[in-house]
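See structure below.
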Amino acid sequence: MQLIQQSPDIAAYLAADEAIDHEHPRVREVAANLARETDDAYTYARTAFTYVRDTVPHSADSGDPRVTWRASDVLATRNGICYAKSIALTALLRAHGIPAGLCYQRLADDDGANPVVHGLVALRLPGHDRWARVDPRGNKPGIDARFSLEEERLAWTVREHLGEADYPTVYAAPPPEVLCALRNARDRTELWQTLPTHL
């Protein structure tokens, strides 16, 4: 699948905003600590991916009822759903000067019911002529997402016969449907009732 930039300006994928607040001291601190362990952009990106995937539990796995949506809050509380974890990884990549954006899949139950939008990250490293998608959701039995720029290793592969889909757009900022659901939910139980089913 060919990924398509929402904005033609690559600078949009380095910018800070209210959710991708990579100028926040907490994000800068984590980024600086990760950078000390790496010596190039590829190693930093892989380290940041692993950090978000493995040290920020997905709240559905951990049972944490809190809803986070700013990168700084995700990193401070070590909590978030796929949307929030993707925002956090995007912020850490941008903090290190790596263009990154948000992208999404539409997933469903095994019978095609209960569709929901799932959040991913797209990044573009120096020397690479295309975007690559990674999934920082967090692994568990049956899910083994990996950092790979050549062959995608996402948590899920879409099943088109069930109405699932890969959305090709790389968003510079969280889409309104995603941000609204995160910001308005009082807890994860309420969030589960308002997750977007399509973009």
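Labels used: A, B, ... for chains in the order of the structure tokens, numbers from 1 for residues in each chain, and numbers from 1 for ligands as shown.
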
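Near Asp109 of chain A, within 12 Å and counting only C-alpha atoms, sit A:Arg106, A:Leu107, A:Asp111, A:Gly112, A:Ala113, A:Asn114, A:Pro115, A:Val116, A:Trp156, A:Val158, A:Arg159, A:His161, A:Leu162, A:Gly163, A:Glu164, not including residues fewer than 2 positions from it in the same chain.
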
Export of the given selection (N, CA, C and O atoms) as a PDB file, in the first residue's frame:
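Done, and the output landed in part11.pdb:
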ATOM      1  N   ARG A 106      -8.900   0.001   9.948  1.00  0.00           N
ATOM      2  CA  ARG A 106     -10.245  -0.330  10.423  1.00  0.00           C
ATOM      3  C   ARG A 106     -10.264  -1.829  10.652  1.00  0.00           C
ATOM      4  O   ARG A 106     -10.055  -2.611   9.730  1.00  0.00           O
ATOM      5  N   LEU A 107     -10.491  -2.243  11.909  1.00  0.00           N
ATOM      6  CA  LEU A 107     -10.484  -3.643  12.288  1.00  0.00           C
ATOM      7  C   LEU A 107     -11.857  -4.054  12.796  1.00  0.00           C
ATOM      8  O   LEU A 107     -12.690  -3.206  13.115  1.00  0.00           O
ATOM      9  N   ASP A 111     -16.240 -12.064  13.054  1.00  0.00           N
ATOM     10  CA  ASP A 111     -17.431 -12.179  12.206  1.00  0.00           C
ATOM     11  C   ASP A 111     -17.732 -10.883  11.457  1.00  0.00           C
ATOM     12  O   ASP A 111     -18.768 -10.743  10.811  1.00  0.00           O
ATOM     13  N   GLY A 112     -16.815  -9.913  11.543  1.00  0.00           N
ATOM     14  CA  GLY A 112     -16.993  -8.634  10.865  1.00  0.00           C
ATOM     15  C   GLY A 112     -17.768  -7.611  11.669  1.00  0.00           C
ATOM     16  O   GLY A 112     -17.924  -6.466  11.230  1.00  0.00           O
ATOM     17  N   ALA A 113     -18.238  -7.990  12.852  1.00  0.00           N
ATOM     18  CA  ALA A 113     -19.010  -7.061  13.692  1.00  0.00           C
ATOM     19  C   ALA A 113     -18.071  -6.170  14.508  1.00  0.00           C
ATOM     20  O   ALA A 113     -16.867  -6.419  14.603  1.00  0.00           O
ATOM     21  N   ASN A 114     -18.656  -5.144  15.105  1.00  0.00           N
ATOM     22  CA  ASN A 114     -17.943  -4.235  16.011  1.00  0.00           C
ATOM     23  C   ASN A 114     -16.682  -3.623  15.406  1.00  0.00           C
ATOM     24  O   ASN A 114     -15.590  -3.724  15.982  1.00  0.00           O
ATOM     25  N   PRO A 115     -16.804  -2.957  14.263  1.00  0.00           N
ATOM     26  CA  PRO A 115     -15.619  -2.318  13.679  1.00  0.00           C
ATOM     27  C   PRO A 115     -15.084  -1.207  14.573  1.00  0.00           C
ATOM     28  O   PRO A 115     -15.844  -0.547  15.298  1.00  0.00           O
ATOM     29  N   VAL A 116     -13.777  -1.018  14.508  1.00  0.00           N
ATOM     30  CA  VAL A 116     -13.131   0.033  15.286  1.00  0.00           C
ATOM     31  C   VAL A 116     -11.876   0.480  14.540  1.00  0.00           C
ATOM     32  O   VAL A 116     -11.259  -0.299  13.812  1.00  0.00           O
ATOM     33  N   TRP A 156      -1.847  -6.415  13.583  1.00  0.00           N
ATOM     34  CA  TRP A 156      -2.880  -7.089  12.813  1.00  0.00           C
ATOM     35  C   TRP A 156      -2.719  -6.808  11.321  1.00  0.00           C
ATOM     36  O   TRP A 156      -2.332  -5.709  10.923  1.00  0.00           O
ATOM     37  N   VAL A 158      -5.040  -6.612   7.930  1.00  0.00           N
ATOM     38  CA  VAL A 158      -6.466  -6.436   7.671  1.00  0.00           C
ATOM     39  C   VAL A 158      -7.028  -7.610   6.863  1.00  0.00           C
ATOM     40  O   VAL A 158      -6.342  -8.207   6.035  1.00  0.00           O
ATOM     41  N   ARG A 159      -8.293  -7.898   7.147  1.00  0.00           N
ATOM     42  CA  ARG A 159      -9.037  -8.940   6.435  1.00  0.00           C
ATOM     43  C   ARG A 159     -10.136  -8.250   5.643  1.00  0.00           C
ATOM     44  O   ARG A 159     -11.184  -7.913   6.199  1.00  0.00           O
ATOM     45  N   HIS A 161     -12.247  -9.195   3.487  1.00  0.00           N
ATOM     46  CA  HIS A 161     -13.544  -9.869   3.373  1.00  0.00           C
ATOM     47  C   HIS A 161     -14.441  -9.606   4.581  1.00  0.00           C
ATOM     48  O   HIS A 161     -15.648  -9.830   4.521  1.00  0.00           O
ATOM     49  N   LEU A 162     -13.867  -9.082   5.656  1.00  0.00           N
ATOM     50  CA  LEU A 162     -14.657  -8.724   6.841  1.00  0.00           C
ATOM     51  C   LEU A 162     -14.904  -7.210   6.911  1.00  0.00           C
ATOM     52  O   LEU A 162     -15.413  -6.718   7.911  1.00  0.00           O
ATOM     53  N   GLY A 163     -14.524  -6.501   5.855  1.00  0.00           N
ATOM     54  CA  GLY A 163     -14.716  -5.054   5.841  1.00  0.00           C
ATOM     55  C   GLY A 163     -13.591  -4.279   6.498  1.00  0.00           C
ATOM     56  O   GLY A 163     -13.701  -3.070   6.692  1.00  0.00           O
ATOM     57  N   GLU A 164     -12.520  -4.980   6.860  1.00  0.00           N
ATOM     58  CA  GLU A 164     -11.378  -4.281   7.444  1.00  0.00           C
ATOM     59  C   GLU A 164     -10.609  -3.550   6.350  1.00  0.00           C
ATOM     60  O   GLU A 164     -10.692  -3.915   5.177  1.00  0.00           O
TER      61      GLU A 164
END

**OP:** Using only C-alpha atoms, determine which residues lie at most 10 Å from Ile10 of chain A, disregarding the query and same-chain residues fewer than 2 positions distant; provide the list as a ChimeraX atom specification.
**Re:** /A:5-8,12-15,99-100,124,172

**OP:** Show which residues sit within 9 Å of Cys103 of chain A, as a ChimeraX atom specification. Count only C-alpha atoms, and ignore same-chain residues fewer than 5 positions away.
**Re:** /A:3,86,118-122,133,166-171,174

Write the residues of the selection above to a file with N, CA, C and O atoms, as a compact mmCIF listing (two decimals), in the first residue's frame.
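Result went into selection-v4.txt, see below:
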# COMPACT_ATOMS: atom_id res chain seq x y z
N LEU A 3 1.48 4.86 1.05
CA LEU A 3 1.02 5.83 2.05
C LEU A 3 1.03 7.23 1.46
O LEU A 3 1.92 7.58 0.69
N SER A 86 0.42 5.83 19.96
CA SER A 86 0.90 6.30 18.67
C SER A 86 1.28 7.78 18.72
O SER A 86 2.28 8.20 18.14
N HIS A 118 -8.04 1.53 14.51
CA HIS A 118 -6.83 1.21 15.27
C HIS A 118 -5.70 2.14 14.83
O HIS A 118 -5.51 2.39 13.63
N GLY A 119 -4.95 2.66 15.79
CA GLY A 119 -3.91 3.65 15.51
C GLY A 119 -2.52 3.07 15.34
O GLY A 119 -2.11 2.17 16.08
N LEU A 120 -1.80 3.61 14.35
CA LEU A 120 -0.42 3.22 14.03
C LEU A 120 0.43 4.49 13.88
O LEU A 120 -0.08 5.61 13.94
N VAL A 121 1.71 4.28 13.63
CA VAL A 121 2.64 5.39 13.37
C VAL A 121 3.32 5.15 12.02
O VAL A 121 3.67 4.01 11.70
N ALA A 122 3.50 6.21 11.26
CA ALA A 122 4.32 6.15 10.04
C ALA A 122 5.53 7.06 10.27
O ALA A 122 5.41 8.14 10.85
N ARG A 133 5.22 1.99 8.19
CA ARG A 133 4.29 1.92 9.32
C ARG A 133 4.82 0.97 10.40
O ARG A 133 5.35 -0.10 10.09
N ASP A 166 -6.92 -0.83 5.50
CA ASP A 166 -5.79 0.03 5.81
C ASP A 166 -6.10 1.40 5.22
O ASP A 166 -6.35 1.52 4.02
N TYR A 167 -6.07 2.42 6.05
CA TYR A 167 -6.23 3.78 5.54
C TYR A 167 -4.86 4.29 5.08
O TYR A 167 -3.89 4.22 5.85
N PRO A 168 -4.74 4.80 3.87
CA PRO A 168 -3.43 5.18 3.34
C PRO A 168 -2.90 6.53 3.82
O PRO A 168 -1.72 6.83 3.64
N THR A 169 -3.75 7.34 4.44
CA THR A 169 -3.34 8.70 4.82
C THR A 169 -2.40 8.70 6.02
O THR A 169 -2.66 8.03 7.02
N VAL A 170 -1.33 9.48 5.91
CA VAL A 170 -0.45 9.76 7.04
C VAL A 170 -0.83 11.13 7.56
O VAL A 170 -0.61 12.15 6.90
N TYR A 171 -1.43 11.16 8.74
CA TYR A 171 -1.92 12.41 9.32
C TYR A 171 -0.81 13.12 10.07
O TYR A 171 -0.06 12.50 10.83
N PRO A 174 -3.61 14.24 15.03
CA PRO A 174 -4.69 13.27 15.20
C PRO A 174 -5.97 13.75 14.51
O PRO A 174 -6.34 14.92 14.64

Original post:
Can you list, as a ChimeraX atom specification, every protein, DNA or RNA residue that comes within 12 Å of Asp144 of chain A when you count only C-alpha atoms, leaving out same-chain residues fewer than 3 positions away?
Top reply: /A:50,53-54,134-141,147,152-157

Dump as a PDB file, in the first residue's frame, selection limited to N, CA and C atoms:
ATOM      1  N   THR A  50      10.423   0.550  20.638  1.00  0.00           N
ATOM      2  CA  THR A  50      10.443  -0.495  21.655  1.00  0.00           C
ATOM      3  C   THR A  50      10.059   0.066  23.018  1.00  0.00           C
ATOM      4  N   ARG A  53       6.250   0.666  22.929  1.00  0.00           N
ATOM      5  CA  ARG A  53       5.563  -0.631  22.847  1.00  0.00           C
ATOM      6  C   ARG A  53       5.625  -1.389  24.163  1.00  0.00           C
ATOM      7  N   ASP A  54       6.814  -1.396  24.792  1.00  0.00           N
ATOM      8  CA  ASP A  54       7.041  -2.301  25.918  1.00  0.00           C
ATOM      9  C   ASP A  54       6.933  -1.680  27.298  1.00  0.00           C
ATOM     10  N   VAL A 134       4.635   1.378  11.650  1.00  0.00           N
ATOM     11  CA  VAL A 134       4.950   0.533  12.798  1.00  0.00           C
ATOM     12  C   VAL A 134       3.780   0.619  13.781  1.00  0.00           C
ATOM     13  N   ASP A 135       3.653  -0.398  14.630  1.00  0.00           N
ATOM     14  CA  ASP A 135       2.517  -0.490  15.550  1.00  0.00           C
ATOM     15  C   ASP A 135       3.018  -0.613  16.985  1.00  0.00           C
ATOM     16  N   PRO A 136       2.970   0.498  17.761  1.00  0.00           N
ATOM     17  CA  PRO A 136       3.466   0.460  19.137  1.00  0.00           C
ATOM     18  C   PRO A 136       2.432   0.009  20.162  1.00  0.00           C
ATOM     19  N   ARG A 137       1.338  -0.618  19.715  1.00  0.00           N
ATOM     20  CA  ARG A 137       0.228  -0.987  20.588  1.00  0.00           C
ATOM     21  C   ARG A 137       0.666  -1.745  21.839  1.00  0.00           C
ATOM     22  N   GLY A 138       1.616  -2.660  21.673  1.00  0.00           N
ATOM     23  CA  GLY A 138       2.055  -3.509  22.782  1.00  0.00           C
ATOM     24  C   GLY A 138       1.740  -4.958  22.488  1.00  0.00           C
ATOM     25  N   ASN A 139       2.706  -5.814  22.699  1.00  0.00           N
ATOM     26  CA  ASN A 139       2.526  -7.227  22.398  1.00  0.00           C
ATOM     27  C   ASN A 139       1.893  -7.979  23.560  1.00  0.00           C
ATOM     28  N   LYS A 140       1.258  -9.085  23.230  1.00  0.00           N
ATOM     29  CA  LYS A 140       0.662 -10.005  24.194  1.00  0.00           C
ATOM     30  C   LYS A 140       0.465 -11.313  23.437  1.00  0.00           C
ATOM     31  N   PRO A 141       0.029 -12.366  24.086  1.00  0.00           N
ATOM     32  CA  PRO A 141      -0.168 -13.618  23.344  1.00  0.00           C
ATOM     33  C   PRO A 141      -1.028 -13.402  22.094  1.00  0.00           C
ATOM     34  N   PHE A 147       9.572  -3.642  15.008  1.00  0.00           N
ATOM     35  CA  PHE A 147      10.059  -2.497  14.247  1.00  0.00           C
ATOM     36  C   PHE A 147      10.705  -3.011  12.975  1.00  0.00           C
ATOM     37  N   GLU A 152       6.400  -4.957   6.807  1.00  0.00           N
ATOM     38  CA  GLU A 152       5.577  -4.551   7.947  1.00  0.00           C
ATOM     39  C   GLU A 152       5.383  -5.712   8.918  1.00  0.00           C
ATOM     40  N   ARG A 153       5.515  -5.380  10.206  1.00  0.00           N
ATOM     41  CA  ARG A 153       5.284  -6.351  11.276  1.00  0.00           C
ATOM     42  C   ARG A 153       4.306  -5.723  12.262  1.00  0.00           C
ATOM     43  N   LEU A 154       3.074  -5.504  11.811  1.00  0.00           N
ATOM     44  CA  LEU A 154       2.044  -4.855  12.614  1.00  0.00           C
ATOM     45  C   LEU A 154       1.343  -5.873  13.509  1.00  0.00           C
ATOM     46  N   ALA A 155       0.574  -5.367  14.461  1.00  0.00           N
ATOM     47  CA  ALA A 155      -0.185  -6.253  15.354  1.00  0.00           C
ATOM     48  C   ALA A 155      -1.216  -7.057  14.575  1.00  0.00           C
ATOM     49  N   TRP A 156      -1.847  -6.415  13.583  1.00  0.00           N
ATOM     50  CA  TRP A 156      -2.880  -7.089  12.813  1.00  0.00           C
ATOM     51  C   TRP A 156      -2.719  -6.808  11.321  1.00  0.00           C
ATOM     52  N   THR A 157      -3.035  -7.806  10.513  1.00  0.00           N
ATOM     53  CA  THR A 157      -3.152  -7.649   9.073  1.00  0.00           C
ATOM     54  C   THR A 157      -4.637  -7.586   8.750  1.00  0.00           C
TER      55      THR A 157
END

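Taking atom CA of Trp69 of chain A and atom CA of Ala84 of chain A as the two end points, the separation is 5.1 Å.
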